[in-house]
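Text of data_1.cif (mmCIF, C-alpha atoms; chains and numbers go by the auth columns) as supplied:
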```
data_target
#
loop_
_atom_site.group_PDB
_atom_site.id
_atom_site.type_symbol
_atom_site.label_atom_id
_atom_site.label_comp_id
_atom_site.label_asym_id
_atom_site.label_seq_id
_atom_site.Cartn_x
_atom_site.Cartn_y
_atom_site.Cartn_z
_atom_site.B_iso_or_equiv
_atom_site.auth_seq_id
_atom_site.auth_asym_id
ATOM 1 C CA PRO A 1 -1.228 26.070 -15.430 0.00 23 E
ATOM 2 C CA LEU A 2 0.878 25.041 -18.359 0.00 24 E
ATOM 3 C CA TRP A 3 1.114 21.445 -17.121 0.00 25 E
ATOM 4 C CA PHE A 4 -2.624 20.922 -17.488 0.00 26 E
ATOM 5 C CA LYS A 5 -2.899 22.879 -20.723 0.00 27 E
ATOM 6 C CA TYR A 6 -0.064 21.216 -22.629 0.00 28 E
ATOM 7 C CA VAL A 7 0.559 17.857 -20.924 0.00 29 E
ATOM 8 C CA LYS A 8 -2.170 16.421 -18.707 0.00 30 E
ATOM 9 C CA GLY A 9 -5.186 17.687 -20.663 0.00 31 E
ATOM 10 C CA PRO A 10 -4.045 16.539 -24.124 0.00 32 E
ATOM 11 C CA PHE A 11 -2.855 13.210 -22.738 0.00 33 E
ATOM 12 C CA GLU A 12 -6.210 12.524 -21.045 0.00 34 E
ATOM 13 C CA ARG A 13 -8.050 13.507 -24.216 0.00 35 E
ATOM 14 C CA TYR A 14 -5.830 11.179 -26.253 0.00 36 E
ATOM 15 C CA GLN A 15 -6.478 8.358 -23.781 0.00 37 E
ATOM 16 C CA TYR A 16 -10.247 8.933 -23.908 0.00 38 E
ATOM 17 C CA GLU A 17 -10.336 9.063 -27.722 0.00 39 E
ATOM 18 C CA HIS A 18 -8.165 5.954 -27.961 0.00 40 E
ATOM 19 C CA THR A 19 -10.479 4.054 -25.591 0.00 41 E
ATOM 20 C CA VAL A 20 -13.574 5.187 -27.523 0.00 42 E
ATOM 21 C CA SER A 21 -12.080 4.163 -30.872 0.00 43 E
ATOM 22 C CA HIS A 22 -11.043 0.784 -29.437 0.00 44 E
ATOM 23 C CA LEU A 23 -14.527 0.133 -28.042 0.00 45 E
ATOM 24 C CA ARG A 24 -16.180 1.216 -31.290 0.00 46 E
ATOM 25 C CA GLY A 25 -13.854 -0.961 -33.331 0.00 47 E
ATOM 26 C CA TYR A 26 -15.003 -4.056 -31.477 0.00 48 E
ATOM 27 C CA GLY A 27 -18.605 -2.967 -30.899 0.00 49 E
ATOM 28 C CA LEU A 28 -18.335 -2.856 -27.099 0.00 50 E
ATOM 29 C CA MET A 29 -19.704 -0.532 -24.451 0.00 51 E
ATOM 30 C CA PHE A 30 -17.460 0.712 -21.640 0.00 52 E
ATOM 31 C CA ASP A 31 -19.422 -1.241 -19.017 0.00 53 E
ATOM 32 C CA ASP A 32 -18.710 -4.471 -20.917 0.00 54 E
ATOM 33 C CA ARG A 33 -15.072 -4.213 -19.837 0.00 55 E
ATOM 34 C CA HIS A 34 -15.728 -4.450 -16.090 0.00 56 E
ATOM 35 C CA ASN A 35 -14.211 -7.393 -14.258 0.00 57 E
ATOM 36 C CA THR A 36 -16.970 -9.991 -13.898 0.00 58 E
ATOM 37 C CA ASN A 37 -15.188 -11.562 -10.908 0.00 59 E
ATOM 38 C CA ASP A 38 -15.893 -8.452 -8.835 0.00 60 E
ATOM 39 C CA PRO A 39 -18.822 -9.270 -6.497 0.00 61 E
ATOM 40 C CA VAL A 40 -20.618 -5.976 -7.184 0.00 62 E
ATOM 41 C CA ILE A 41 -20.357 -6.423 -10.955 0.00 63 E
ATOM 42 C CA GLU A 42 -21.434 -10.055 -10.674 0.00 64 E
ATOM 43 C CA ARG A 43 -24.538 -9.069 -8.705 0.00 65 E
ATOM 44 C CA ALA A 44 -25.268 -6.180 -11.086 0.00 66 E
ATOM 45 C CA ILE A 45 -25.140 -8.537 -14.080 0.00 67 E
ATOM 46 C CA GLU A 46 -27.615 -10.816 -12.294 0.00 68 E
ATOM 47 C CA LEU A 47 -29.942 -7.820 -11.836 0.00 69 E
ATOM 48 C CA LEU A 48 -29.862 -6.854 -15.523 0.00 70 E
ATOM 49 C CA PRO A 49 -33.099 -7.276 -17.471 0.00 71 E
ATOM 50 C CA PRO A 50 -32.962 -10.008 -20.121 0.00 72 E
ATOM 51 C CA ASP A 51 -32.668 -7.667 -23.122 0.00 73 E
ATOM 52 C CA LEU A 52 -29.637 -5.859 -21.670 0.00 74 E
ATOM 53 C CA MET A 53 -28.064 -9.137 -20.563 0.00 75 E
ATOM 54 C CA ILE A 54 -28.469 -10.687 -24.016 0.00 76 E
ATOM 55 C CA GLY A 55 -27.126 -7.544 -25.686 0.00 77 E
ATOM 56 C CA ARG A 56 -24.105 -7.545 -23.393 0.00 78 E
ATOM 57 C CA TYR A 57 -23.419 -11.222 -24.084 0.00 79 E
ATOM 58 C CA ARG A 58 -23.716 -10.732 -27.853 0.00 80 E
ATOM 59 C CA ARG A 59 -21.412 -7.692 -27.812 0.00 81 E
ATOM 60 C CA ILE A 60 -18.760 -9.588 -25.871 0.00 82 E
ATOM 61 C CA MET A 61 -18.992 -12.651 -28.117 0.00 83 E
ATOM 62 C CA ARG A 62 -18.816 -10.459 -31.239 0.00 84 E
ATOM 63 C CA SER A 63 -15.738 -8.678 -29.911 0.00 85 E
ATOM 64 C CA VAL A 64 -14.065 -12.016 -29.134 0.00 86 E
ATOM 65 C CA GLU A 65 -14.813 -13.186 -32.676 0.00 87 E
ATOM 66 C CA LEU A 66 -13.523 -9.937 -34.208 0.00 88 E
ATOM 67 C CA ASN A 67 -10.382 -10.114 -32.098 0.00 89 E
ATOM 68 C CA TYR A 68 -9.851 -13.728 -33.129 0.00 90 E
ATOM 69 C CA ARG A 69 -10.165 -12.789 -36.802 0.00 91 E
ATOM 70 C CA LYS A 70 -8.021 -9.672 -36.286 0.00 92 E
ATOM 71 C CA THR A 71 -10.639 -7.417 -37.860 0.00 93 E
ATOM 72 C CA HIS A 72 -12.884 -4.578 -36.742 0.00 94 E
ATOM 73 C CA LEU A 73 -16.510 -3.658 -37.209 0.00 95 E
ATOM 74 C CA PRO A 74 -17.372 -1.896 -40.462 0.00 96 E
ATOM 75 C CA VAL A 75 -17.321 1.884 -40.124 0.00 97 E
ATOM 76 C CA GLU A 76 -21.084 2.208 -40.642 0.00 98 E
ATOM 77 C CA TYR A 77 -21.673 0.184 -37.445 0.00 99 E
ATOM 78 C CA GLN A 78 -19.262 2.251 -35.343 0.00 100 E
ATOM 79 C CA ASN A 79 -21.461 5.345 -35.073 0.00 101 E
ATOM 80 C CA TYR A 80 -22.534 5.095 -31.411 0.00 102 E
ATOM 81 C CA ASP A 81 -21.406 6.356 -28.015 0.00 103 E
ATOM 82 C CA PRO A 82 -19.738 3.523 -26.067 0.00 104 E
ATOM 83 C CA MET A 83 -19.444 5.583 -22.887 0.00 105 E
ATOM 84 C CA ILE A 84 -23.155 5.450 -21.970 0.00 106 E
ATOM 85 C CA PRO A 85 -23.245 3.653 -18.603 0.00 107 E
ATOM 86 C CA TYR A 86 -25.998 1.040 -18.851 0.00 108 E
ATOM 87 C CA LEU A 87 -24.712 -0.934 -15.846 0.00 109 E
ATOM 88 C CA ALA A 88 -24.411 1.958 -13.361 0.00 110 E
ATOM 89 C CA PRO A 89 -27.929 1.874 -11.817 0.00 111 E
ATOM 90 C CA PHE A 90 -27.681 -1.893 -11.400 0.00 112 E
ATOM 91 C CA MET A 91 -24.272 -1.513 -9.751 0.00 113 E
ATOM 92 C CA GLU A 92 -25.780 0.908 -7.238 0.00 114 E
ATOM 93 C CA GLU A 93 -28.640 -1.484 -6.544 0.00 115 E
ATOM 94 C CA ALA A 94 -26.157 -4.343 -6.130 0.00 116 E
ATOM 95 C CA LYS A 95 -24.153 -2.273 -3.619 0.00 117 E
ATOM 96 C CA PHE A 96 -27.309 -1.561 -1.622 0.00 118 E
ATOM 97 C CA GLN A 97 -28.313 -5.221 -1.667 0.00 119 E
ATOM 98 C CA MET A 98 -24.885 -6.399 -0.554 0.00 120 E
ATOM 99 C CA GLN A 99 -24.770 -3.797 2.211 0.00 121 E
ATOM 100 C CA GLU A 100 -28.212 -4.878 3.404 0.00 122 E
ATOM 101 C CA GLU A 101 -27.158 -8.532 3.401 0.00 123 E
ATOM 102 C CA GLN A 102 -24.050 -7.719 5.404 0.00 124 E
ATOM 103 C CA GLU A 103 -26.105 -5.744 7.922 0.00 125 E
ATOM 104 C CA LEU A 104 -28.614 -8.581 8.259 0.00 126 E
ATOM 105 C CA LEU A 105 -25.778 -11.047 8.803 0.00 127 E
ATOM 106 C CA ARG A 106 -24.228 -8.666 11.363 0.00 128 E
ATOM 107 C CA PHE A 107 -21.088 -8.546 9.240 0.00 129 E
ATOM 108 C CA ASN A 108 -18.246 -6.519 10.706 0.00 130 E
ATOM 109 C CA PRO A 109 -15.396 -5.487 8.378 0.00 131 E
ATOM 110 C CA TRP A 110 -12.956 -6.776 10.984 0.00 132 E
ATOM 111 C CA ASP A 111 -14.445 -10.257 10.807 0.00 133 E
ATOM 112 C CA ARG A 112 -12.590 -12.697 8.614 0.00 134 E
ATOM 113 C CA ARG A 113 -15.312 -15.325 8.453 0.00 135 E
ATOM 114 C CA LEU A 114 -17.862 -15.282 5.670 0.00 136 E
ATOM 115 C CA TYR A 115 -20.919 -15.557 7.893 0.00 137 E
ATOM 116 C CA SER A 116 -21.654 -15.120 11.589 0.00 138 E
ATOM 117 C CA GLY A 117 -23.965 -18.156 11.830 0.00 139 E
ATOM 118 C CA ASN A 118 -23.052 -21.699 12.794 0.00 140 E
ATOM 119 C CA THR A 119 -21.499 -22.495 9.427 0.00 141 E
ATOM 120 C CA THR A 120 -19.040 -20.604 7.299 0.00 142 E
ATOM 121 C CA GLY A 121 -20.960 -21.214 4.098 0.00 143 E
ATOM 122 C CA MET A 122 -18.332 -23.638 2.839 0.00 144 E
ATOM 123 C CA GLY A 123 -19.956 -26.813 4.183 0.00 145 E
ATOM 124 C CA GLU A 124 -18.354 -26.641 7.608 0.00 146 E
ATOM 125 C CA THR A 125 -20.507 -27.417 10.665 0.00 147 E
ATOM 126 C CA THR A 126 -18.277 -26.527 13.616 0.00 148 E
ATOM 127 C CA PRO A 127 -19.211 -23.049 14.868 0.00 149 E
ATOM 128 C CA HIS A 128 -15.781 -21.576 15.708 0.00 150 E
ATOM 129 C CA SER A 129 -13.395 -23.347 13.402 0.00 151 E
ATOM 130 C CA ALA A 130 -10.225 -21.942 11.881 0.00 152 E
ATOM 131 C CA PHE A 131 -11.782 -21.842 8.403 0.00 153 E
ATOM 132 C CA THR A 132 -11.635 -18.220 7.275 0.00 154 E
ATOM 133 C CA ALA A 133 -12.620 -16.238 4.209 0.00 155 E
ATOM 134 C CA TRP A 134 -9.022 -15.307 3.432 0.00 156 E
#
```
Represent the structure from my file as structure tokens, please.
Amino acid sequence: PLWFKYVKGPFERYQYEHTVSHLRGYGLMFDDRHNTNDPVIERAIELLPPDLMIGRYRRIMRSVELNYRKTHLPVEYQNYDPMIPYLAPFMEEAKFQMQEEQELLRFNPWDRRLYSGNTTGMGETTPHSAFTAW
């Protein structure tokens, strides 16, 4: 169809190239842009080996510094593929771990409490209090 050939396809290609050039300009990988407040991403970052974790931290700090100075990396350092997913296997492992924890805690998606034990995990000791996770 003409819509995909002349509108959607070129727009998606432009968006992809723009994202790649932005990531290369600051020396980031695509997985560095994930929201670290997401529980799966947080667990995946904890599962990273030290060399990947240090590299991720250094890339983020370098990009913050470059953004602060309103500059970009030199062109000779921008020759890499930022779309290689280094965090993906750790995200899958984090999902499996979280699912296993929820099954062990007999977590039901309809439950609003954090845990099904005597405490909610927030320092409360009464078993059926009104303290909820929401």
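Take CA of Asp54 in chain E and CA of Leu109 in chain E: the distance between them is 8.6 Å.
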Would you kindly identify which residues have an atom no farther than 9 Å from (-27.4, -7.4, -8.2), using all atoms listed in the file and the file's own coordinates, and write them out as a compact mmCIF listing (two decimals) with C-alpha atoms, in the coordinates of the input?
```txt
# COMPACT_ATOMS: atom_id res chain seq x y z
CA PRO E 61 -18.82 -9.27 -6.50
CA VAL E 62 -20.62 -5.98 -7.18
CA ILE E 63 -20.36 -6.42 -10.96
CA GLU E 64 -21.43 -10.06 -10.67
CA ARG E 65 -24.54 -9.07 -8.70
CA ALA E 66 -25.27 -6.18 -11.09
CA ILE E 67 -25.14 -8.54 -14.08
CA GLU E 68 -27.62 -10.82 -12.29
CA LEU E 69 -29.94 -7.82 -11.84
CA LEU E 70 -29.86 -6.85 -15.52
CA PHE E 112 -27.68 -1.89 -11.40
CA MET E 113 -24.27 -1.51 -9.75
CA GLU E 114 -25.78 0.91 -7.24
CA GLU E 115 -28.64 -1.48 -6.54
CA ALA E 116 -26.16 -4.34 -6.13
CA LYS E 117 -24.15 -2.27 -3.62
CA PHE E 118 -27.31 -1.56 -1.62
CA GLN E 119 -28.31 -5.22 -1.67
CA MET E 120 -24.88 -6.40 -0.55
```
Shortest contact to Pro71 in chain E, candidates E:Pro104, E:His40, E:Asp53, E:Pro111, atoms counted all atoms listed in the file, goes to E:Pro111
re CA of Arg84 in chain E and CA of Thr41 in chain E: distance 17.7 Å
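We find CA of Met83 in chain E and CA of Glu34 in chain E to be spaced 29.1 Å apart.
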**Prompt:** Applied to the shown file, which residues does the PyMOL selection byres ((chain E and resi 79) around 12) return, written as a list in words?
**Reply:** Gly49, Leu50, Met51, Asp53, Asp54, Arg55, Ile67, Leu70, Pro72, Asp73, Leu74, Met75, Ile76, Gly77, Arg78, Arg80, Arg81, Ile82, Met83, Arg84, Ser85 and Val86 of chain E
Using all atoms listed in the file, the shortest atom-to-atom distance to Tyr90 in chain E among E:Tyr48, E:Pro23, E:Ser43, E:Tyr38 belongs to E:Tyr48
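Among E:Arg35, E:Tyr108, E:Phe26, E:Gly47, the residue with the shortest atom-to-atom distance to His94 in chain E, counting all atoms listed in the file, is E:Gly47.
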